[in-house]
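Pasted below: input-v2.cif, mmCIF, C-alpha atoms.
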```cif
data_protein
#
loop_
_atom_site.label_atom_id
_atom_site.label_comp_id
_atom_site.auth_asym_id
_atom_site.auth_seq_id
_atom_site.Cartn_x
_atom_site.Cartn_y
_atom_site.Cartn_z
CA MET S 25 0.00 0.00 0.00
CA GLU S 26 2.96 2.34 0.44
CA ARG S 27 3.33 2.45 -3.32
CA LEU S 28 -0.24 3.70 -3.52
CA SER S 29 -0.43 6.31 -0.87
CA GLY S 30 3.09 6.94 0.35
CA LYS S 31 1.80 6.70 3.92
CA SER S 32 2.87 4.27 6.62
CA ASN S 33 0.54 1.45 7.55
CA VAL S 34 -0.05 2.94 11.02
CA THR S 35 -1.05 6.33 9.61
CA GLN S 36 -3.23 4.59 7.04
CA ALA S 37 -4.94 2.49 9.72
CA ARG S 38 -5.59 5.57 11.86
CA GLU S 39 -7.09 7.46 8.95
CA ASP S 40 -9.26 4.48 8.04
CA LEU S 41 -10.45 4.13 11.63
CA ARG S 42 -11.46 7.78 11.66
CA LEU S 43 -13.33 7.33 8.36
CA ILE S 44 -15.11 4.17 9.52
CA GLU S 45 -16.32 5.79 12.73
CA ALA S 46 -17.48 8.90 10.87
CA ILE S 47 -19.34 6.82 8.25
CA LYS S 48 -20.94 4.69 10.96
CA GLY S 49 -22.11 7.95 12.49
CA GLY S 50 -23.83 8.86 9.21
CA ASN S 51 -21.22 11.27 7.85
CA GLU S 52 -21.66 11.34 4.06
CA THR S 53 -18.57 13.47 3.47
CA ALA S 54 -16.47 10.79 5.14
CA PHE S 55 -17.94 8.16 2.83
CA ALA S 56 -17.17 10.32 -0.23
CA GLU S 57 -13.61 10.67 1.12
CA LEU S 58 -13.33 6.88 1.43
CA VAL S 59 -14.54 6.45 -2.16
CA ARG S 60 -12.00 8.96 -3.43
CA LYS S 61 -9.25 7.28 -1.43
CA TYR S 62 -9.84 3.77 -2.79
CA GLN S 63 -11.63 4.22 -6.14
CA ARG S 64 -8.46 4.03 -8.23
CA GLN S 65 -7.23 0.79 -6.65
CA VAL S 66 -10.68 -0.82 -6.79
CA ALA S 67 -11.20 0.14 -10.45
CA ASN S 68 -7.78 -1.18 -11.45
CA VAL S 69 -8.15 -4.49 -9.63
CA ILE S 70 -11.48 -4.97 -11.44
CA TYR S 71 -10.03 -3.85 -14.78
CA LEU S 72 -6.96 -6.07 -14.58
CA THR S 73 -8.97 -9.07 -13.40
CA LEU S 74 -11.58 -8.73 -16.13
CA GLY S 75 -9.26 -7.63 -18.94
CA LEU S 76 -11.74 -5.16 -20.39
CA PRO S 77 -12.68 -1.62 -19.41
CA ASP S 78 -16.40 -2.33 -20.00
CA ASP S 79 -18.52 -2.14 -16.87
CA VAL S 80 -15.53 -1.24 -14.68
CA GLU S 81 -17.21 1.99 -13.56
CA ASP S 82 -20.48 0.21 -12.71
CA LEU S 83 -18.70 -2.60 -10.90
CA THR S 84 -16.55 -0.14 -8.94
CA GLN S 85 -19.75 1.62 -7.93
CA GLU S 86 -21.23 -1.72 -6.87
CA VAL S 87 -18.19 -2.34 -4.66
CA PHE S 88 -18.73 0.95 -2.82
CA ILE S 89 -22.46 0.41 -2.46
CA ARG S 90 -21.71 -2.96 -0.89
CA VAL S 91 -19.07 -1.31 1.33
CA HIS S 92 -21.63 1.28 2.48
CA ARG S 93 -24.24 -1.40 3.24
CA SER S 94 -21.83 -3.63 5.13
CA LEU S 95 -19.77 -1.01 6.95
CA PRO S 96 -22.08 -0.88 10.02
CA ARG S 97 -21.19 -4.56 10.54
CA PHE S 98 -17.45 -4.06 9.91
CA GLU S 99 -15.69 -5.56 12.91
CA TYR S 100 -12.05 -4.60 12.30
CA GLU S 101 -11.04 -8.26 11.90
CA ALA S 102 -9.31 -7.15 8.70
CA SER S 103 -7.85 -3.79 7.72
CA LEU S 104 -10.25 -1.58 5.79
CA PHE S 105 -8.34 -1.66 2.52
CA ALA S 106 -8.02 -5.47 2.64
CA TRP S 107 -11.75 -5.72 3.27
CA ILE S 108 -12.54 -3.36 0.35
CA TYR S 109 -10.12 -5.25 -1.92
CA ARG S 110 -11.83 -8.53 -0.91
CA ILE S 111 -15.21 -7.14 -1.99
CA ALA S 112 -13.66 -5.93 -5.27
CA VAL S 113 -12.01 -9.30 -5.93
CA ASN S 114 -15.24 -11.20 -5.19
CA ILE S 115 -17.27 -8.94 -7.48
CA SER S 116 -14.63 -9.31 -10.25
CA ILE S 117 -14.57 -13.11 -9.99
CA ASP S 118 -18.40 -13.26 -10.01
CA GLU S 119 -18.40 -11.06 -13.13
CA LEU S 120 -15.72 -13.22 -14.73
CA ARG S 121 -17.87 -16.33 -14.17
CA ARG S 122 -20.96 -14.55 -15.52
CA ARG S 123 -19.07 -13.49 -18.65
CA LYS S 124 -17.66 -16.99 -19.14
CA ILE S 125 -21.19 -18.43 -19.10
CA LYS S 126 -22.38 -15.71 -21.49
CA LYS S 127 -19.49 -16.42 -23.89
CA THR S 128 -20.07 -20.16 -23.74
CA LEU S 129 -23.67 -19.56 -24.77
CA SER S 130 -22.71 -17.23 -27.62
CA ILE S 131 -22.41 -19.05 -30.97
CA ASP S 132 -20.29 -16.56 -32.89
CA TYR S 133 -18.20 -15.44 -29.97
CA PHE S 134 -15.14 -13.52 -31.00
CA SER S 135 -12.83 -12.40 -28.23
CA GLU S 136 -13.98 -8.95 -27.19
CA ALA S 137 -10.69 -8.53 -25.36
CA VAL S 138 -8.66 -9.18 -28.53
CA LEU S 139 -10.82 -6.76 -30.52
CA HIS S 140 -10.43 -4.12 -27.86
CA ARG S 141 -6.65 -4.50 -27.82
CA GLU S 142 -6.34 -4.49 -31.59
CA GLU S 143 -8.29 -1.27 -31.65
CA LYS S 144 -6.04 0.23 -29.00
CA THR S 145 -2.90 -0.82 -30.88
CA ARG S 146 -4.26 0.73 -34.08
CA LYS S 147 -5.03 3.95 -32.25
CA SER S 148 -1.59 4.02 -30.69
CA GLU S 149 0.32 3.81 -33.96
CA GLY S 150 2.68 6.75 -33.90
CA PRO S 151 6.10 7.29 -32.40
CA SER S 152 7.86 3.88 -32.35
CA ASP S 153 8.62 3.87 -28.58
CA HIS S 154 4.98 4.31 -27.87
CA VAL S 155 4.05 1.51 -30.25
CA LEU S 156 6.57 -0.79 -28.56
CA LEU S 157 5.22 0.09 -25.13
CA GLU S 158 1.68 -0.56 -26.31
CA GLU S 159 2.76 -3.88 -27.84
CA LYS S 160 4.39 -4.85 -24.54
CA ARG S 161 1.23 -3.95 -22.63
CA VAL S 162 -0.96 -5.94 -25.01
CA THR S 163 1.33 -8.99 -24.75
CA ILE S 164 1.47 -8.82 -20.95
CA ARG S 165 -2.29 -8.30 -20.74
CA GLU S 166 -3.00 -11.30 -22.94
CA ALA S 167 -0.69 -13.45 -20.83
CA ILE S 168 -2.40 -12.30 -17.60
CA ASP S 169 -5.79 -13.12 -19.12
CA LYS S 170 -4.64 -16.71 -19.64
CA LEU S 171 -3.95 -17.20 -15.92
CA SER S 172 -6.55 -18.75 -13.65
CA PRO S 173 -8.57 -16.13 -11.71
CA ALA S 174 -6.79 -17.08 -8.46
CA HIS S 175 -3.32 -16.60 -9.97
CA ARG S 176 -4.40 -13.51 -11.88
CA VAL S 177 -5.70 -11.77 -8.76
CA ALA S 178 -2.60 -12.73 -6.75
CA ILE S 179 -0.13 -11.36 -9.31
CA VAL S 180 -2.14 -8.17 -9.87
CA LEU S 181 -2.33 -7.47 -6.13
CA ARG S 182 1.41 -8.11 -5.77
CA GLU S 183 2.95 -6.58 -8.88
CA TYR S 184 0.46 -3.88 -9.78
CA GLU S 185 -0.95 -2.86 -6.41
CA GLY S 186 2.25 -3.54 -4.50
CA LEU S 187 0.62 -5.38 -1.60
CA SER S 188 2.74 -7.51 0.74
CA TYR S 189 2.09 -11.25 1.17
CA GLY S 190 0.45 -10.51 4.53
CA GLU S 191 -1.89 -7.95 2.97
CA ILE S 192 -2.78 -10.27 0.08
CA ALA S 193 -3.42 -13.08 2.58
CA GLU S 194 -5.77 -10.78 4.48
CA THR S 195 -7.52 -9.72 1.28
CA LEU S 196 -8.01 -13.22 -0.11
CA ASN S 197 -8.53 -14.84 3.28
CA ILE S 198 -5.77 -17.39 2.70
CA SER S 199 -2.44 -18.07 4.46
CA PRO S 200 0.73 -16.12 3.55
CA GLN S 201 2.26 -19.47 2.52
CA ALA S 202 -0.59 -19.98 0.02
CA VAL S 203 0.01 -16.44 -1.28
CA LYS S 204 3.72 -17.22 -1.75
CA SER S 205 2.84 -20.37 -3.67
CA ARG S 206 0.19 -18.68 -5.87
CA ILE S 207 2.50 -15.83 -6.80
CA PHE S 208 5.32 -18.21 -7.62
CA ARG S 209 3.03 -20.32 -9.85
CA ALA S 210 1.59 -17.23 -11.53
CA ARG S 211 5.13 -16.03 -12.29
CA GLU S 212 6.11 -19.42 -13.67
CA GLU S 213 3.02 -19.47 -15.92
CA LEU S 214 3.69 -15.93 -17.10
CA ARG S 215 7.32 -16.78 -17.82
CA LYS S 216 6.25 -19.69 -20.01
CA LEU S 217 3.56 -17.64 -21.75
CA LEU S 218 5.93 -14.75 -22.38
CA SER S 219 9.06 -16.76 -23.16
CA ASN S 220 8.97 -15.96 -26.90
CA TYR S 221 8.35 -12.29 -26.26
CA PHE S 222 11.29 -11.93 -23.88
CA GLU S 223 13.63 -14.15 -25.95
CA GLU S 224 13.09 -11.92 -28.97
CA ARG S 225 14.07 -8.87 -26.94
CA THR S 226 17.12 -10.17 -25.07
CA MET W 13 16.96 -28.83 -0.96
CA ASN W 14 15.57 -29.28 -4.46
CA HIS W 15 15.64 -26.67 -7.15
CA ARG W 16 11.91 -25.99 -7.04
CA TYR W 17 12.35 -24.90 -3.42
CA TYR W 18 15.01 -22.39 -4.49
CA ARG W 19 12.78 -21.10 -7.28
CA GLN W 20 9.88 -20.50 -4.90
CA GLN W 21 12.24 -18.82 -2.45
CA LEU W 22 13.57 -16.72 -5.31
CA SER W 23 10.06 -15.46 -6.01
CA ALA W 24 9.74 -14.44 -2.36
CA LEU W 25 13.20 -12.83 -2.48
CA HIS W 26 12.07 -10.78 -5.47
CA ASP W 27 9.12 -9.58 -3.37
CA GLY W 28 11.28 -8.81 -0.32
CA GLU W 29 9.41 -11.40 1.74
CA LEU W 30 12.33 -13.48 3.08
CA SER W 31 13.87 -13.30 6.53
CA SER W 32 17.49 -12.09 6.64
CA ASP W 33 18.74 -15.69 7.07
CA GLU W 34 16.72 -16.95 4.12
CA GLU W 35 17.83 -13.98 2.08
CA SER W 36 21.53 -14.69 2.62
CA VAL W 37 21.01 -18.37 1.69
CA MET W 38 19.32 -17.30 -1.53
CA LYS W 39 21.98 -14.72 -2.37
CA ASP W 40 24.66 -17.39 -1.96
CA HIS W 41 22.66 -19.67 -4.22
CA LEU W 42 22.25 -16.95 -6.85
CA VAL W 43 26.01 -16.50 -7.12
CA ARG W 44 26.37 -20.19 -7.97
CA CYS W 45 23.22 -20.82 -10.02
CA GLU W 46 22.98 -19.18 -13.43
CA GLU W 47 19.53 -20.62 -14.04
CA CYS W 48 18.09 -18.89 -10.96
CA ALA W 49 19.89 -15.65 -11.82
CA ALA W 50 18.30 -15.72 -15.30
CA LEU W 51 14.92 -16.53 -13.77
CA LEU W 52 15.12 -13.57 -11.42
CA LYS W 53 15.95 -11.32 -14.38
CA THR W 54 12.90 -12.59 -16.31
CA TRP W 55 10.60 -12.11 -13.32
CA ARG W 56 11.88 -8.55 -12.95
CA LEU W 57 11.00 -7.91 -16.60
CA ILE W 58 7.55 -9.44 -16.10
CA GLY W 59 7.03 -7.33 -12.97
CA SER W 60 7.94 -4.13 -14.77
CA GLY W 61 5.66 -5.22 -17.64
CA VAL W 62 2.72 -5.69 -15.27
CA ARG W 63 3.39 -2.34 -13.62
CA SER W 64 3.53 -0.68 -17.05
CA LEU W 65 -0.10 -1.61 -17.73
CA GLU W 66 -2.32 1.37 -18.18
CA GLU W 67 -4.47 2.55 -15.31
CA ILE W 68 -8.13 2.86 -15.90
CA GLN W 69 -9.42 6.35 -15.33
CA LEU W 70 -12.75 6.85 -13.63
CA PRO W 71 -14.70 9.91 -14.74
CA ALA W 72 -14.54 13.07 -12.67
CA GLY W 73 -17.26 13.25 -10.06
CA PHE W 74 -17.33 9.49 -9.58
CA SER W 75 -17.49 9.71 -5.77
CA ARG W 76 -20.41 12.15 -6.03
CA ARG W 77 -22.29 9.71 -8.25
CA VAL W 78 -21.61 6.85 -5.84
CA LEU W 79 -22.98 8.98 -3.02
CA GLU W 80 -26.14 9.71 -5.02
CA THR W 81 -26.64 6.00 -5.73
CA VAL W 82 -26.07 5.19 -2.07
CA ARG W 83 -28.73 7.75 -1.11
CA GLU W 84 -31.18 6.21 -3.62
CA ASP W 85 -30.33 2.78 -2.25
CA GLU W 86 -31.03 3.98 1.30
CA GLU W 87 -34.32 5.59 0.27
CA GLU W 88 -35.40 2.37 -1.42
CA THR W 89 -34.39 0.39 1.64
CA SER W 90 -36.24 2.78 3.96
CA PHE W 91 -39.35 2.46 1.74
CA TRP W 92 -39.31 -1.33 1.73
CA MET W 93 -38.28 -1.75 5.35
CA PRO W 94 -41.77 -1.06 6.86
CA VAL W 95 -43.37 -3.23 4.12
CA GLU W 96 -40.96 -6.00 4.93
CA ALA W 97 -41.61 -5.62 8.67
CA LEU W 98 -45.38 -5.67 8.05
CA ALA W 99 -45.05 -8.79 5.89
CA ARG W 100 -43.02 -10.48 8.63
CA LYS W 101 -45.61 -9.54 11.27
CA THR W 102 -48.46 -10.78 9.04
CA VAL W 103 -46.78 -14.12 8.46
CA PHE W 104 -46.12 -14.45 12.19
CA GLY W 105 -49.74 -13.53 13.06
CA LEU W 106 -51.17 -15.97 10.53
CA SER W 107 -48.92 -18.77 11.76
CA LEU W 108 -50.01 -18.07 15.33
CA ALA W 109 -53.70 -18.06 14.29
CA VAL W 110 -53.30 -21.42 12.54
CA ILE W 111 -51.63 -22.91 15.63
CA VAL W 112 -54.41 -21.60 17.91
CA LEU W 113 -57.12 -22.92 15.55
CA VAL W 114 -55.55 -26.38 15.35
CA ALA W 115 -55.18 -26.45 19.14
CA PHE W 116 -58.82 -25.39 19.55
CA LEU W 117 -60.09 -28.07 17.15
CA LEU W 118 -58.07 -30.74 18.90
CA ALA W 119 -59.33 -29.60 22.30
CA THR W 120 -63.02 -29.51 21.29
CA GLU W 121 -63.08 -32.90 19.50
CA PRO W 122 -65.49 -35.31 21.29
CA GLN W 123 -63.66 -37.67 23.54
CA GLN W 124 -64.30 -41.38 23.16
CA PRO W 125 -64.28 -42.15 26.93
CA VAL W 126 -67.27 -39.79 27.41
CA ILE W 127 -69.27 -41.77 24.81
CA MET W 128 -68.31 -45.06 26.40
CA GLU W 129 -69.27 -43.68 29.80
CA SER W 130 -72.72 -42.62 28.54
CA TYR W 131 -73.21 -46.10 27.04
CA LEU W 132 -72.17 -47.83 30.26
CA SER W 133 -74.44 -45.61 32.34
CA GLY W 134 -77.36 -46.49 30.07
CA GLU W 135 -77.71 -42.96 28.67
CA VAL W 136 -77.68 -44.12 25.07
CA PRO W 137 -79.93 -41.91 22.96
CA GLU W 138 -82.77 -43.68 21.31
CA GLY W 139 -82.55 -44.56 17.68
CA ASN W 140 -78.83 -45.24 17.76
CA THR W 141 -79.12 -48.80 16.58
CA PRO W 142 -77.20 -49.63 13.38
CA ALA W 143 -80.51 -50.16 11.53
CA SER W 144 -81.92 -46.77 12.59
CA LEU W 145 -78.70 -44.98 11.67
CA LEU W 146 -79.08 -46.10 8.09
CA GLN W 147 -82.39 -44.26 7.85
CA ARG W 148 -81.05 -40.96 9.18
CA GLU W 149 -79.96 -38.10 6.93
CA SER W 150 -76.80 -37.25 8.84
CA ILE W 151 -74.71 -39.36 11.14
CA SER W 152 -72.15 -38.00 13.60
CA LYS W 153 -69.03 -39.73 14.79
CA ASN W 154 -70.67 -40.05 18.22
CA ASP W 155 -73.69 -41.86 16.72
CA ILE W 156 -71.44 -44.40 15.02
CA LEU W 157 -69.38 -45.01 18.16
CA LEU W 158 -72.49 -45.47 20.27
CA ALA W 159 -74.05 -47.77 17.69
CA VAL W 160 -70.89 -49.88 17.58
CA ALA W 161 -70.78 -49.97 21.37
CA GLN W 162 -74.41 -51.06 21.55
CA LYS W 163 -73.84 -53.83 19.09
#
```
Using the file provided, produce a representation of the structure as structure tokens.
Amino acid sequence: MERLSGKSNVTQAREDLRLIEAIKGGNETAFAELVRKYQRQVANVIYLTLGLPDDVEDLTQEVFIRVHRSLPRFEYEASLFAWIYRIAVNISIDELRRRKIKKTLSIDYFSEAVLHREEKTRKSEGPSDHVLLEEKRVTIREAIDKLSPAHRVAIVLREYEGLSYGEIAETLNISPQAVKSRIFRAREELRKLLSNYFEERT
Amino acid sequence: MNHRYYRQQLSALHDGELSSDEESVMKDHLVRCEECAALLKTWRLIGSGVRSLEEIQLPAGFSRRVLETVREDEEETSFWMPVEALARKTVFGLSLAVIVLVAFLLATEPQQPVIMESYLSGEVPEGNTPASLLQRESISKNDILLAVAQK
């Protein structure tokens, strides 16, 4: 979380405690502050888990509505950000399952994700460095999409959000040892998936 | 220790999640193992690739819109809450009424010993013979029991 806010965990926890108490007391400004504080992280976890920007705004909103409904029952057994991340991860995985069913039912399904990326690459054609960066992003994104949801979420929380094993364990409600193992497996899978890409460039 | 163990430890080393003892063991291993050194390099590239992914931008005023939706959600909840409470009370009341009714019916059902007592004491109403029962328009349970007892 330091990568996100630049604040120490203690300061973060104190701020969160203040926000929780204010929201429990019916303070709407405090809730808006909480949304502003976590909206970027929540939206990106959803985006990177789903692989498409579609519905990210709606799903992020759903996360905060659920947070608002459940906050009166929040018992401090987890830190606030881990609890919010957990809601975001659960909503993303539910959406992923829903989309998988929808795609299975579709006869002429053509990967929306691939179309979206092709369009982005086309739009980005310009200075060569930018094209290369976009190509790298597309390749990495496609590799992440091939991971299982459990591995995908673990690697996103670690590499993109910068959470520690302890924080990921808290978020996913698993042991730090399981986090270590998931991240290692996700890295191994990514290495295999991206082996050609990196070989060409080294 | 097998090589898979070192690879998993290497992943944790990359994340800064090893104790100082574990870290020095891994650093010693890295000096000797080219394969692990190459692996660490690849993981670093993958990590920087993941971090280079674009952030999604939420529109300005997102928190305000969330707040509005939360308010609507609360209003909807506050509208349905009394309806829900009323429905719960109605279901409870009806269940209670059914229980009371069943209990009342069970309590008021004629008791067989009373019929047998009236037969034994000779207080059998006239016309309760099996033959006379057949000629009557309606027959109660009591009539049948008394007729059977008489027979």
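Separating atom CA of S:Ile179 from atom CA of S:Ala56 is a distance of 29.0 Å.
We find atom CA of S:Arg176 and atom CA of S:Arg110 to be spaced 14.2 Å apart.
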| query | Selected by the PyMOL selection byres ((chain S) within 7 of (chain W)) in the shown coordinates: which residues, as an MDAnalysis selection string? | reply | chainID S and resid 56 59:60 67:68 81 85 89 161 164 183:184 204 208 211
Next, write the just-selected residues to a file, as an mmCIF file, keeping the file's coordinate frame, keeping C-alpha atoms as the atom set.
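Final output, saved to result30.cif:
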```
data_model
loop_
_atom_site.group_PDB
_atom_site.id
_atom_site.type_symbol
_atom_site.label_atom_id
_atom_site.label_comp_id
_atom_site.auth_asym_id
_atom_site.auth_seq_id
_atom_site.Cartn_x
_atom_site.Cartn_y
_atom_site.Cartn_z
ATOM 1 C CA ALA S 56 -17.170 10.320 -0.230
ATOM 2 C CA VAL S 59 -14.540 6.450 -2.160
ATOM 3 C CA ARG S 60 -12.000 8.960 -3.430
ATOM 4 C CA ALA S 67 -11.200 0.140 -10.450
ATOM 5 C CA ASN S 68 -7.780 -1.180 -11.450
ATOM 6 C CA GLU S 81 -17.210 1.990 -13.560
ATOM 7 C CA GLN S 85 -19.750 1.620 -7.930
ATOM 8 C CA ILE S 89 -22.460 0.410 -2.460
ATOM 9 C CA ARG S 161 1.230 -3.950 -22.630
ATOM 10 C CA ILE S 164 1.470 -8.820 -20.950
ATOM 11 C CA GLU S 183 2.950 -6.580 -8.880
ATOM 12 C CA TYR S 184 0.460 -3.880 -9.780
ATOM 13 C CA LYS S 204 3.720 -17.220 -1.750
ATOM 14 C CA PHE S 208 5.320 -18.210 -7.620
ATOM 15 C CA ARG S 211 5.130 -16.030 -12.290
#
```
| For S:Arg182, which residue among W:Leu52, W:Cys45, W:His26, W:Leu98 is the nearest when counting only C-alpha atoms? | W:His26
Hits of the PyMOL selection byres ((chain S and resi 111) around 9) in this structure, as a PDB file with C-alpha atoms, in the coordinates of the input:
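Produced file out.pdb, reproduced below:
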```
ATOM      1  CA  VAL S  87     -18.190  -2.340  -4.660  1.00  0.00           C
ATOM      2  CA  PHE S  88     -18.730   0.950  -2.820  1.00  0.00           C
ATOM      3  CA  ARG S  90     -21.710  -2.960  -0.890  1.00  0.00           C
ATOM      4  CA  VAL S  91     -19.070  -1.310   1.330  1.00  0.00           C
ATOM      5  CA  ALA S 106      -8.020  -5.470   2.640  1.00  0.00           C
ATOM      6  CA  TRP S 107     -11.750  -5.720   3.270  1.00  0.00           C
ATOM      7  CA  ILE S 108     -12.540  -3.360   0.350  1.00  0.00           C
ATOM      8  CA  TYR S 109     -10.120  -5.250  -1.920  1.00  0.00           C
ATOM      9  CA  ARG S 110     -11.830  -8.530  -0.910  1.00  0.00           C
ATOM     10  CA  ALA S 112     -13.660  -5.930  -5.270  1.00  0.00           C
ATOM     11  CA  VAL S 113     -12.010  -9.300  -5.930  1.00  0.00           C
ATOM     12  CA  ASN S 114     -15.240 -11.200  -5.190  1.00  0.00           C
ATOM     13  CA  ILE S 115     -17.270  -8.940  -7.480  1.00  0.00           C
ATOM     14  CA  SER S 116     -14.630  -9.310 -10.250  1.00  0.00           C
ATOM     15  CA  THR S 195      -7.520  -9.720   1.280  1.00  0.00           C
TER      16      THR S 195
END
```
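Distances to S:Leu196 were evaluated for S:Ile168, S:Leu120, S:Ala102, S:Val155 using all atoms listed in the file, and the minimum falls at S:Ala102.
Straight-line separation from atom CA of S:Gln63 to atom CA of S:Asp118: 19.1 Å.
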| query | Could you pull the residues within 10 Å of S:Glu213, counting only C-alpha atoms, minus those fewer than 2 positions along the same chain, as an NGL selection string? | reply | :S and (167-168 or 170-172 or 175 or 207-211 or 215-219)
| task | Select, from S:Leu41, S:Glu159, S:Ile47, S:Ser188, the residue with the minimum atom-to-atom distance to S:Pro96, counting only C-alpha atoms. | result | S:Ile47
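Proximity of S:Arg121, S:Arg38, S:Tyr189, S:Asn220 to W:Leu25, computed with only C-alpha atoms, is greatest for S:Tyr189.
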